[in-house]
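*Asks:* Structure in structure tokens, see below.
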Amino acid sequence: MTKTPQDMQRGLFEGMSHGYEKAIIDLELLSESTQSDKIADLEAMTIKYKKMAEMLKGKFNEDEMDFRSGYIQGEMSSYHIVVDEIRSTFNLEETV
């Protein structure tokens, strides 16, 4: 981490924070929902976040070490982590 430029580090952390905020809002809305099949909604949420992460994957160049690149990579990473956490917490199967 010490060799990573400060702008890149700040971007990574801010991007992750933004991604987690989105997930928290979605989870709060889901928990307050009166729909009966929350597991199906969680599965749909994991699909959505997986697609968002894939979309972000092509938006940065791994050779760039600036705030923008760090932000996108951080947000993308948060979506991957959220998907993994939801799947493991609720024992969801991986979907394509």
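How things are named: the first chain in the structure tokens is A, the next is B, and so on; residues count from 1 in each chain; ligands count from 1 in the order shown.
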Please produce, as CSV, a per-residue contact table for range 49-89 of chain A versus range 21-25 of chain A (criterion: any atom at most 10 Å away, only C-alpha atoms considered), showing the nearest atom pair and its distance in Å to one decimal, sorted by chain then residue number.
*Replies:*
```
residue,atom,partner,partner_atom,distance
A:Tyr49,CA,A:Ala23,CA,8.5
A:Glu75,CA,A:Lys22,CA,9.9
A:Ser78,CA,A:Ala23,CA,8.9
A:Tyr79,CA,A:Ala23,CA,8.0
A:Val82,CA,A:Ala23,CA,7.3
A:Val83,CA,A:Ala23,CA,9.6
```
*Asks:* Just asking: which residues within range 5-80 of chain A are alpha helix (DSSP H) according to DSSP, as a PyMOL selection string?
*Replies:* chain A and resi 6-32+38-57+67-80
*Asks:* Between A:Thr2, A:Gln9, A:Thr89, A:Ser31, which residue has the minimum interatomic distance to Gln73 in chain A, considering only C-alpha atoms?
*Replies:*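 Between A:Thr2, A:Gln9, A:Thr89, A:Ser31, the residue approaching Gln73 in chain A most closely is A:Gln9.
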*Asks:* Could you pull the residues within 12 Å of Lys48 in chain A, counting only C-alpha atoms, minus those fewer than 4 positions along the same chain, as a ChimeraX atom specification?
*Replies:* /A:22-23,26,41-44,52-55,79-80,82-83,95-96
*Asks:* How about saving the chosen residues, all heavy atoms kept, as a tab-separated table (two decimals), in the first residue's frame?
*Replies:*
```
chain	number	residue	atom	x	y	z
A	22	LYS	N	-24.60	2.12	-1.24
A	22	LYS	CA	-25.67	1.66	-2.14
A	22	LYS	C	-26.25	0.34	-1.65
A	22	LYS	O	-27.47	0.15	-1.63
A	22	LYS	CB	-25.15	1.48	-3.56
A	22	LYS	CG	-24.89	2.75	-4.31
A	22	LYS	CD	-24.38	2.41	-5.70
A	22	LYS	CE	-24.07	3.63	-6.52
A	22	LYS	NZ	-23.56	3.29	-7.85
A	23	ALA	N	-25.39	-0.58	-1.25
A	23	ALA	CA	-25.84	-1.89	-0.78
A	23	ALA	C	-26.65	-1.75	0.50
A	23	ALA	O	-27.69	-2.40	0.66
A	23	ALA	CB	-24.65	-2.81	-0.56
A	26	ASP	N	-30.12	-0.51	-0.30
A	26	ASP	CA	-30.93	-1.59	-0.88
A	26	ASP	C	-31.36	-2.60	0.18
A	26	ASP	O	-32.51	-3.05	0.19
A	26	ASP	CB	-30.17	-2.32	-1.99
A	26	ASP	CG	-30.12	-1.53	-3.29
A	26	ASP	OD1	-30.85	-0.52	-3.41
A	26	ASP	OD2	-29.37	-1.94	-4.19
A	41	ASP	N	-35.54	-11.75	-3.66
A	41	ASP	CA	-35.06	-10.37	-3.80
A	41	ASP	C	-33.56	-10.28	-3.56
A	41	ASP	O	-32.86	-9.52	-4.23
A	41	ASP	CB	-35.81	-9.43	-2.86
A	41	ASP	CG	-37.27	-9.25	-3.25
A	41	ASP	OD1	-37.61	-9.48	-4.43
A	41	ASP	OD2	-38.07	-8.87	-2.37
A	42	LEU	N	-33.06	-11.04	-2.59
A	42	LEU	CA	-31.61	-11.06	-2.34
A	42	LEU	C	-30.87	-11.65	-3.53
A	42	LEU	O	-29.80	-11.16	-3.90
A	42	LEU	CB	-31.30	-11.87	-1.07
A	42	LEU	CG	-31.61	-11.18	0.25
A	42	LEU	CD1	-31.53	-12.18	1.39
A	42	LEU	CD2	-30.68	-10.01	0.47
A	43	GLU	N	-31.44	-12.69	-4.12
A	43	GLU	CA	-30.81	-13.27	-5.31
A	43	GLU	C	-30.77	-12.26	-6.45
A	43	GLU	O	-29.75	-12.12	-7.13
A	43	GLU	CB	-31.55	-14.54	-5.74
A	43	GLU	CG	-31.33	-15.70	-4.79
A	43	GLU	CD	-32.19	-16.91	-5.09
A	43	GLU	OE1	-33.21	-16.79	-5.81
A	43	GLU	OE2	-31.84	-17.99	-4.59
A	44	ALA	N	-31.86	-11.53	-6.63
A	44	ALA	CA	-31.90	-10.49	-7.66
A	44	ALA	C	-30.88	-9.40	-7.36
A	44	ALA	O	-30.22	-8.88	-8.27
A	44	ALA	CB	-33.31	-9.91	-7.77
A	52	MET	N	-23.21	-4.82	-12.09
A	52	MET	CA	-22.61	-3.50	-11.90
A	52	MET	C	-21.09	-3.60	-11.81
A	52	MET	O	-20.37	-2.78	-12.39
A	52	MET	CB	-23.19	-2.84	-10.65
A	52	MET	CG	-24.64	-2.41	-10.84
A	52	MET	SD	-25.46	-1.87	-9.32
A	52	MET	CE	-24.59	-0.38	-8.94
A	53	ALA	N	-20.60	-4.62	-11.12
A	53	ALA	CA	-19.15	-4.82	-11.01
A	53	ALA	C	-18.54	-5.11	-12.37
A	53	ALA	O	-17.49	-4.58	-12.72
A	53	ALA	CB	-18.85	-5.95	-10.02
A	54	GLU	N	-19.21	-5.94	-13.16
A	54	GLU	CA	-18.72	-6.26	-14.50
A	54	GLU	C	-18.70	-5.02	-15.39
A	54	GLU	O	-17.78	-4.82	-16.18
A	54	GLU	CB	-19.55	-7.37	-15.13
A	54	GLU	CG	-19.30	-8.73	-14.53
A	54	GLU	CD	-17.85	-9.17	-14.63
A	54	GLU	OE1	-17.25	-9.06	-15.72
A	54	GLU	OE2	-17.30	-9.62	-13.61
A	55	MET	N	-19.72	-4.19	-15.25
A	55	MET	CA	-19.78	-2.96	-16.04
A	55	MET	C	-18.60	-2.04	-15.68
A	55	MET	O	-17.97	-1.45	-16.55
A	55	MET	CB	-21.09	-2.23	-15.79
A	55	MET	CG	-21.21	-0.92	-16.54
A	55	MET	SD	-22.44	0.19	-15.85
A	55	MET	CE	-21.73	0.61	-14.29
A	79	TYR	N	-18.81	-4.21	-4.62
A	79	TYR	CA	-19.91	-5.01	-5.15
A	79	TYR	C	-19.57	-6.50	-5.11
A	79	TYR	O	-20.42	-7.32	-4.76
A	79	TYR	CB	-20.28	-4.59	-6.56
A	79	TYR	CG	-20.80	-3.18	-6.66
A	79	TYR	CD1	-20.51	-2.37	-7.74
A	79	TYR	CD2	-21.60	-2.64	-5.66
A	79	TYR	CE1	-20.99	-1.08	-7.83
A	79	TYR	CE2	-22.08	-1.34	-5.74
A	79	TYR	CZ	-21.77	-0.56	-6.82
A	79	TYR	OH	-22.25	0.71	-6.90
A	80	HIS	N	-18.35	-6.84	-5.45
A	80	HIS	CA	-17.93	-8.25	-5.37
A	80	HIS	C	-18.03	-8.77	-3.93
A	80	HIS	O	-18.52	-9.88	-3.70
A	80	HIS	CB	-16.50	-8.44	-5.89
A	80	HIS	CG	-16.37	-8.38	-7.37
A	80	HIS	ND1	-16.97	-9.29	-8.21
A	80	HIS	CD2	-15.70	-7.52	-8.17
A	80	HIS	CE1	-16.68	-9.00	-9.46
A	80	HIS	NE2	-15.90	-7.92	-9.47
A	82	VAL	N	-19.91	-7.54	-1.47
A	82	VAL	CA	-21.32	-7.60	-1.06
A	82	VAL	C	-21.98	-8.87	-1.61
A	82	VAL	O	-22.70	-9.56	-0.89
A	82	VAL	CB	-22.08	-6.33	-1.52
A	82	VAL	CG1	-23.58	-6.51	-1.44
A	82	VAL	CG2	-21.64	-5.12	-0.70
A	83	VAL	N	-21.73	-9.18	-2.86
A	83	VAL	CA	-22.30	-10.39	-3.46
A	83	VAL	C	-21.83	-11.63	-2.69
A	83	VAL	O	-22.64	-12.49	-2.32
A	83	VAL	CB	-21.92	-10.51	-4.96
A	83	VAL	CG1	-22.22	-11.90	-5.50
A	83	VAL	CG2	-22.65	-9.46	-5.77
A	95	THR	N	-25.34	-17.73	-9.23
A	95	THR	CA	-26.11	-17.68	-10.47
A	95	THR	C	-25.24	-17.12	-11.57
A	95	THR	O	-24.29	-16.39	-11.31
A	95	THR	CB	-27.36	-16.81	-10.31
A	95	THR	OG1	-26.98	-15.52	-9.85
A	95	THR	CG2	-28.35	-17.43	-9.35
A	96	VAL	N	-25.55	-17.47	-12.78
A	96	VAL	CA	-24.75	-17.03	-13.92
A	96	VAL	C	-25.07	-15.62	-14.30
A	96	VAL	O	-26.01	-15.04	-14.10
A	96	VAL	CB	-24.97	-17.96	-15.13
A	96	VAL	CG1	-24.18	-17.48	-16.31
A	96	VAL	CG2	-24.60	-19.35	-14.76
```
